[in-house]
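Novice: So here's work.pdb, just PDB, C-alpha atoms:
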```pdb
ATOM      1  CA  MET A 278      31.407 -93.297  27.219
ATOM      2  CA  ILE A 279      31.355 -89.602  28.015
ATOM      3  CA  PHE A 280      28.508 -87.181  27.342
ATOM      4  CA  SER A 281      29.972 -85.541  24.226
ATOM      5  CA  GLU A 282      30.705 -88.932  22.652
ATOM      6  CA  ASN A 283      27.147 -90.024  23.413
ATOM      7  CA  LEU A 284      25.783 -86.968  21.611
ATOM      8  CA  VAL A 285      27.782 -87.853  18.508
ATOM      9  CA  GLU A 286      26.643 -91.480  18.661
ATOM     10  CA  LEU A 287      22.968 -90.585  19.137
ATOM     11  CA  ARG A 288      23.098 -88.124  16.242
ATOM     12  CA  THR A 289      24.921 -90.380  13.814
ATOM     13  CA  LYS A 290      22.734 -93.409  14.591
ATOM     14  CA  ALA A 291      19.705 -91.263  13.795
ATOM     15  CA  CYS A 292      21.370 -90.030  10.554
ATOM     16  CA  LEU A 293      20.992 -86.405  11.624
ATOM     17  CA  THR A 294      23.143 -83.346  11.135
ATOM     18  CA  GLN A 295      24.235 -81.111  13.969
ATOM     19  CA  GLN A 296      21.799 -78.512  12.617
ATOM     20  CA  ASP A 297      18.934 -81.044  12.740
ATOM     21  CA  VAL A 298      19.573 -81.703  16.424
ATOM     22  CA  ALA A 299      20.042 -78.036  17.268
ATOM     23  CA  ASP A 300      16.766 -77.159  15.540
ATOM     24  CA  GLY A 301      14.919 -80.072  17.145
ATOM     25  CA  ALA A 302      16.170 -79.181  20.615
ATOM     26  CA  LYS A 303      15.527 -75.464  19.986
ATOM     27  CA  MET A 304      19.079 -74.282  20.530
ATOM     28  CA  SER A 305      21.680 -72.597  18.392
ATOM     29  CA  LEU A 306      23.958 -74.659  16.220
ATOM     30  CA  ARG A 307      26.994 -73.212  18.007
ATOM     31  CA  ALA A 308      25.621 -74.212  21.428
ATOM     32  CA  TYR A 309      25.003 -77.763  20.249
ATOM     33  CA  GLN A 310      28.445 -77.989  18.642
ATOM     34  CA  ASN A 311      30.071 -76.861  21.883
ATOM     35  CA  TYR A 312      28.315 -79.699  23.740
ATOM     36  CA  GLU A 313      29.186 -82.287  21.115
ATOM     37  CA  TRP A 314      32.807 -81.163  20.943
ATOM     38  CA  GLY A 315      33.106 -81.197  24.746
ATOM     39  CA  LEU A 316      33.864 -77.480  24.966
ATOM     40  CA  ARG A 317      30.909 -76.656  27.228
ATOM     41  CA  GLU A 318      28.531 -78.507  29.510
ATOM     42  CA  PRO A 319      24.836 -77.825  28.983
ATOM     43  CA  LYS A 320      22.556 -76.420  31.636
ATOM     44  CA  MET A 321      19.559 -78.414  32.813
ATOM     45  CA  GLY A 322      17.182 -76.859  30.263
ATOM     46  CA  ALA A 323      19.400 -77.897  27.370
ATOM     47  CA  LEU A 324      19.816 -81.407  28.789
ATOM     48  CA  ILE A 325      16.049 -81.789  29.053
ATOM     49  CA  ALA A 326      15.565 -80.487  25.513
ATOM     50  CA  LEU A 327      18.106 -82.987  24.149
ATOM     51  CA  ALA A 328      16.618 -85.896  26.110
ATOM     52  CA  ASP A 329      13.136 -84.960  24.901
ATOM     53  CA  PHE A 330      14.374 -84.668  21.320
ATOM     54  CA  TYR A 331      15.861 -88.175  21.402
ATOM     55  CA  GLU A 332      13.014 -89.513  23.570
ATOM     56  CA  ILE A 333      15.417 -90.885  26.176
ATOM     57  CA  THR A 334      15.935 -90.311  29.895
ATOM     58  CA  LEU A 335      18.415 -87.834  31.289
ATOM     59  CA  ASP A 336      20.359 -90.773  32.722
ATOM     60  CA  GLU A 337      20.670 -92.298  29.255
ATOM     61  CA  LEU A 338      21.671 -88.952  27.776
ATOM     62  CA  VAL A 339      24.495 -88.370  30.241
ATOM     63  CA  CYS A 340      25.626 -92.021  30.235
ATOM     64  CA  ARG A 341      24.678 -92.612  33.844
ATOM     65  CA  GLU A 342      24.080 -96.210  34.769
ATOM     66  CA  TRP A 343      21.386 -96.685  37.366
ATOM     67  CA  PRO A 344      21.078 -98.126  39.884
ATOM     68  CA  ARG A 345      24.677 -97.846  40.839
ATOM     69  CA  GLU A 346      26.088-100.167  43.409
ATOM     70  CA  MET A 347      26.426 -98.537  46.779
ATOM     71  CA  GLU A 348      30.044 -97.936  47.671
ATOM     72  CA  LYS A 349      31.144-100.067  50.553
ATOM     73  CA  ASP A 350      32.930 -98.282  53.358
TER      74      ASP A 350
END
```
Could you quickly redo this structure as structure tokens?
Specialist:
Amino acid sequence: MIFSENLVELRTKACLTQQDVADGAKMSLRAYQNYEWGLREPKMGALIALADFYEITLDELVCREWPREMEKD
């Protein structure tokens, strides 16, 4: 899953509107919509605000699985 899809899934599972998330993460609705629609990538401050809002880690927010297997040379 990619980041924008994860945002949609998190929001819909919580039965929230885009405005609810934008308000909760203290960002504009347009900024949040751009992230959810995959038009822009958020800066670190916005990522932290979204992770804090959903009470998840940054890794969970950006769909990063950890620990990753080390690539073998």
Novice: Given the file shown, enumerate the residues that the PyMOL selection byres ((chain A and resi 327) around 12) captures and present them as a PyMOL selection string.
Specialist: chain A and resi 280+283-284+287-288+297-304+308-309+312-313+319-326+328-339
Novice: Provide the atom CA of A:Leu293 to atom CA of A:Arg341 distance in Å, to one decimal place.
Specialist: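 Atom CA of A:Arg341 lies at a distance of 23.4 Å from atom CA of A:Leu293.
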Novice: May I have the centre and edge lengths, in Å to one decimal, of an axis-aligned box around the listed atoms of stretch 334-341 of chain A with 3 Å added to every side, as JSON?
Specialist:
```
{"center_x": 20.8, "center_y": -90.2, "center_z": 30.8, "size_x": 15.7, "size_y": 10.8, "size_z": 12.1}
```
